[in-house]
Number of protein chains: 2
Amino acid sequence: MVGPLTCYPNIEAIPGPIDMAVVILPAPAVERCLRELAAVGTKVAVVFSSGFGEAGAAGKAMEAALVEVARETGIRLCGPNCLGVVNAFDGMLATFSQYADGANLPGPIGFVTQSGAFGTAIAALCRQRHLGLGFFVNTGNEADIDFVETMSCMMEDPRIRVCTGYLEGLKDGNGWMRLGEKSRTLRKPLVVMKVGRSEAGSRAVASHTGSLAGEDVVFDSVTRQAGILRARNEEHMLDLAQVLALCPPAEGWGVAIASQSGGAGVQAADRAIELGLEVPVLGRDTQVRINQCLPGFGVATNPVDVTGQFVAQPAILRDSVRIMLEDSRIHMGMIWIELMHKNVDLLAGVFEEIQGSTKKPFVVAWLGAPEDAVKRLAELGIPLLRSGEAAIEALAGLALVSQWQRELPHEHKGLELGVLPNRADGLISSLEAMEWLGHFGVPFPPTILVRSRGEAQKVQGKFGGAVALKIESPNIPHKTDVGGVRLALSNRGAVGDAYDRIIQDVMSNSPNAEIDGVLVQLMAQPGVECVVGLIQDPIFGPVVMVGLGGVWIDLMEDVAFARCPISSREAHSLIQGLRGAKLLNGYRGHPPSDVQALSVMVSRVSAIGTALGDRLGELDLNPVLVHTHGVTAVDVVLTLRGCEA
Amino acid sequence: MVGPLTCYPNIEAIPGPIDMAVVILPAPAVERCLRELAAVGTKVAVVFSSGFGEAGAAGKAMEAALVEVARETGIRLCGPNCLGVVNAFDGMLATFSQYADGANLPGPIGFVTQSGAFGTAIAALCRQRHLGLGFFVNTGNEADIDFVETMSCMMEDPRIRVCTGYLEGLKDGNGWMRLGEKSRTLRKPLVVMKVGRSEAGSRAVASHTGSLAGEDVVFDSVTRQAGILRARNEEHMLDLAQVLALCPPAEGWGVAIASQSGGAGVQAADRAIELGLEVPVLGRDTQVRINQCLPGFGVATNPVDVTGQFVAQPAILRDSVRIMLEDSRIHMGMIWIELMHKNVDLLAGVFEEIQGSTKKPFVVAWLGAPEDAVKRLAELGIPLLRSGEAAIEALAGLALVSQWQRELPHEHKGLELGVLPNRADGLISSLEAMEWLGHFGVPFPPTILVRSRGEAQKVQGKFGGAVALKIESPNIPHKTDVGGVRLALSNRGAVGDAYDRIIQDVMSNSPNAEIDGVLVQLMAQPGVECVVGLIQDPIFGPVVMVGLGGVWIDLMEDVAFARCPISSREAHSLIQGLRGAKLLNGYRGHPPSDVQALSVMVSRVSAIGTALGDRLGELDLNPVLVHTHGVTAVDVVLTLRGCEA
């Protein structure tokens, strides 16, 4: 006995089946203990012990041995090197986290964290808000059960409404997408924060967790694509979780703001506009009705300035908020107040009345809120945020999640690929790549390989228009860099000279390159320069990218990513999200470019990415010219790699 | 007597001189009261009463009458429509703000607010941090004493170290610049927040305060130029104030991060990099020394992961932070911890020891900090921030202010303008504008006005190179829009035809325009297209702008502003702040453009802006071609206006 707890001399001595074991032994003793636990049919072991994968080669070997036991025996493993698990619903505290020191407040939020210390702090911040946390799981080294699997189980629990997560590195890209899908299907929003945005940050993640970091920008895009909200930091994540757990969905992007300070209303409107929300002027009728409630110096447009008079006459606040929420332009409401230590009961009453009279989501931004206000509103299930900006940011997240839930799922019919290029790994010749991609609907201009000046001239004559000449070599991915490209050649003489000069320049700049010949390509019609490509992400596999070409991609890094495959509708919205999208949509009297054709191309390329799967090295279509009608890829770099790579 | 207070039947009955009066009367009674106060020599009156400028025409008239009394009698006026003044040092609470309900905590921070309710909340948040607020002033309608004057006085008080302000609208642009200068000279940082960034926000500000809103982007640029920090919101402002009030200056941009959570270190590093701070890898020596303090699983690069072991061995934290701050690459430190309710004393002791051993600034980011920790660290004068990101953001502000204080003040020698164009208000002809600006060192290509086809051809012959032809008319500021420009004409025939077509097109597109003739201009050498101009800001007067031309300005709004005049060194850093600056600095093997020449031009244009003063309408030099050597302005639009405008 230790205190009230019965102790046993060894595992076999424990009577009855073991649902879960907590292992707190020195690292070298854990493997044997796991085997013994498995032998008596234990389902899962939570291993607190550290000194494994995070501690050098010997630790890694011991961790591999634990995984081996799990595979062999079927026992599941949380950790090692984790703080454990809290199930607040059932009062199970299998953890040594400081979080367990406080009161247990079960509730609709689930939380999975890859960091013990940071996760503990986040859970504690959640408690400070009187926000119920149903589950807390620190996954530690994730030798067996990982973040994605934990989150997926948690999401299925009927007591959970919103899932939150703290991430440092992700291993399972497929699982991530499925998690997003599940979150949409079950209508249980998932909000995550992930550290490691910068290079210095990634350096630290790598040294901290040893996990492989994909590009953060890819993680960011793909997470959004999956329908998972990414929070900027811990407070932002909890703000989002609070509003998503307590509010009904928003049917649109219009937000109405009522405040006791004109300035606070302005601040909220500023932030709303920055985040893509709308702050519509209220309808004339609505304004007239609100004006009947307000004192003379109130303002009824939007933001609505209710002034401080409502302390004397609560109806001012109650009625004006009710009326503004009835306006059809409005899909969400925000109420801004401050301090009011003496009027918590009065205000809670007003908010409860408002809550009873609307089905639209609304939140309270309460600056310097007294502790009893935080508690009272939590009991009422009304989100209380600490600042106007935080409230607006949370509403923007609600609007986005609500839109995701309204959207139909995208269809991604597989593309049947023909025979893969019959090639070893490495760079595929341009001509072969063009033919092969052309077969799957990526349009290139007519292109013919020639091996002499005379042949080049003949082909140009046959094409009958201006042509480009480009070196063709398995060793030269970037033809321009070695003088291997000449453009806009419209007569026999120019073509002949260009041929000779290309051969000459390439031989002098790249003397060891094997030269297959020179491509003669009919010049494409002019168009807006774009770039379309595929990259192999270490986490998510083939990822399609699209961006505007030239300085836009080089200087502005104005590129969008999505995991393959995507529909042309998804591609379209990806393209419209580019900062330079206006260039495509008809800028300064130029006719609009054929964004639809570009979207179809991006979708096809994404399907090719999916089909290539592990064999994809990278694909770069640059430039892609988007015409008034149609689209043409002008140049291509495609590399393949072995399936084992 | 009211309670312990002596009352008097009227103002004359009050014995002795009156330093300050608080007026709480219905609006129509205020004017008479002010006169009576002035008659007995009262220095200043704080008028709480509302119903003035914010309440329609009658209110405006009454407010004008109050200003009249002030001008006549010399009594100074705070308000009307204000919550009043708190001088916490001397226990003077002339306010009806809720803020006065709490304990009085005097300290080195001064606060001026244009909003009563929002300002009250901000002051209360300041108190929650146990951060001493020396002065609180709500300026209300600012009929007499305004934000700038109040702030300026506050800054001179020796007990104040940092000034903070909440702004909705600014009237006194000159005062703003002087305030910034004073802040630098006295080494008392000024941090402000201003609402009204968006159009919806500005609409609300206008209806709320009736004050004239300049462009927010101009306010933002000029505020930075003045050496005033602009905070994003109230919490950000208080974070900055706290760090600026308690920390010594930072001698550079390198920050070291120590945390008990690897992930939190990563998060801080991410944010630091985003804000332009450096997170240098610590020197080899430093790493070796820190490793001697750390447990085996700690990480000594930067961020430094001190692990949670320091609770058992405080020396781990103390020594590793001391050592990392000794590294010459490091100018600031940040320590991240969480919760630790049972170890406040221990940690406060550690931080005090660190404080005693370094002259470099450091802050503590303490998640879920217990109330007694907040209090203890405030007593020690060590900034405690609520999150890692907030701490890093505050350090970035400290680094910036410290750099401003290290910089020499800029010299702005006035430019002696010749005779102003002898013209009525409105558009100045291009030729006149070119001559006049050329006189002050803005280079244009040779340009001659012609009135016939033959003359045009003759001038082209004389120039001997390709020319541009441009319509010259007092009614046509945008020549291209009416077909009034033809470029790159290199022979007699082309020049003649272009002349005829211009005349034809302009007459058909703009039949009522008065045509002075056609300008023949030698084509400038190629260069990177920029735009340089002047605008007349309603608050700050002449403001110079510079940006990259074409899509950069049209789509990206990549433009920088500064109040006139600026030195060429200031212009240089303005240009380097453009997102597209890489285009000028030699992009993709292009030779770098002459940014120095562009900087000189921008500085000259700014001096012209200052000299024109109120007479400036606007000036637009577009495009300005920046060559490998030198710079040329190719076209100009200059409008003047009457001095009274």
# chains A, B, ... in the order shown; residues from 1 in each chain; ligands from 1
call {"tool": "residues_around", "arguments": {"residues": "B:Trp552", "least_positions_apart": "2", "cutoff": "10 Å", "atoms": "only C-alpha atoms", "output": "list in words"}}
result
Trp552 and Gly580 of chain A; Glu529, Cys530, Val531, Gly547, Leu548, Gly549, Gly550, Asp554, Leu555, Met556, Glu557, Asp558, Val559, Leu578, Arg579 and Gly580 of chain B
call {"tool": "atom_distance", "arguments": {"atom1": "atom CA of B:Val288", "atom2": "atom CA of B:Ile323"}}
result
10.1 Å
call {"tool": "closest_residue", "arguments": {"among": "A:Lys171, A:Lys60, A:His130, A:His331", "to": "A:Pro361", "atoms": "only C-alpha atoms"}}
result
A:His331
call {"tool": "select_by_dssp", "arguments": {"residues": "stretch 123-334 of chain A", "states": "alpha helix (DSSP H)", "output": "PyMOL selection string"}}
result
chain A and resi 123-128+147-156+173-185+199-209+216-225+234-246+262-274+284-293+314-326
call {"tool": "atom_distance", "arguments": {"atom1": "atom CA of B:Pro28", "atom2": "atom CA of B:Val67"}}
result
14.0 Å
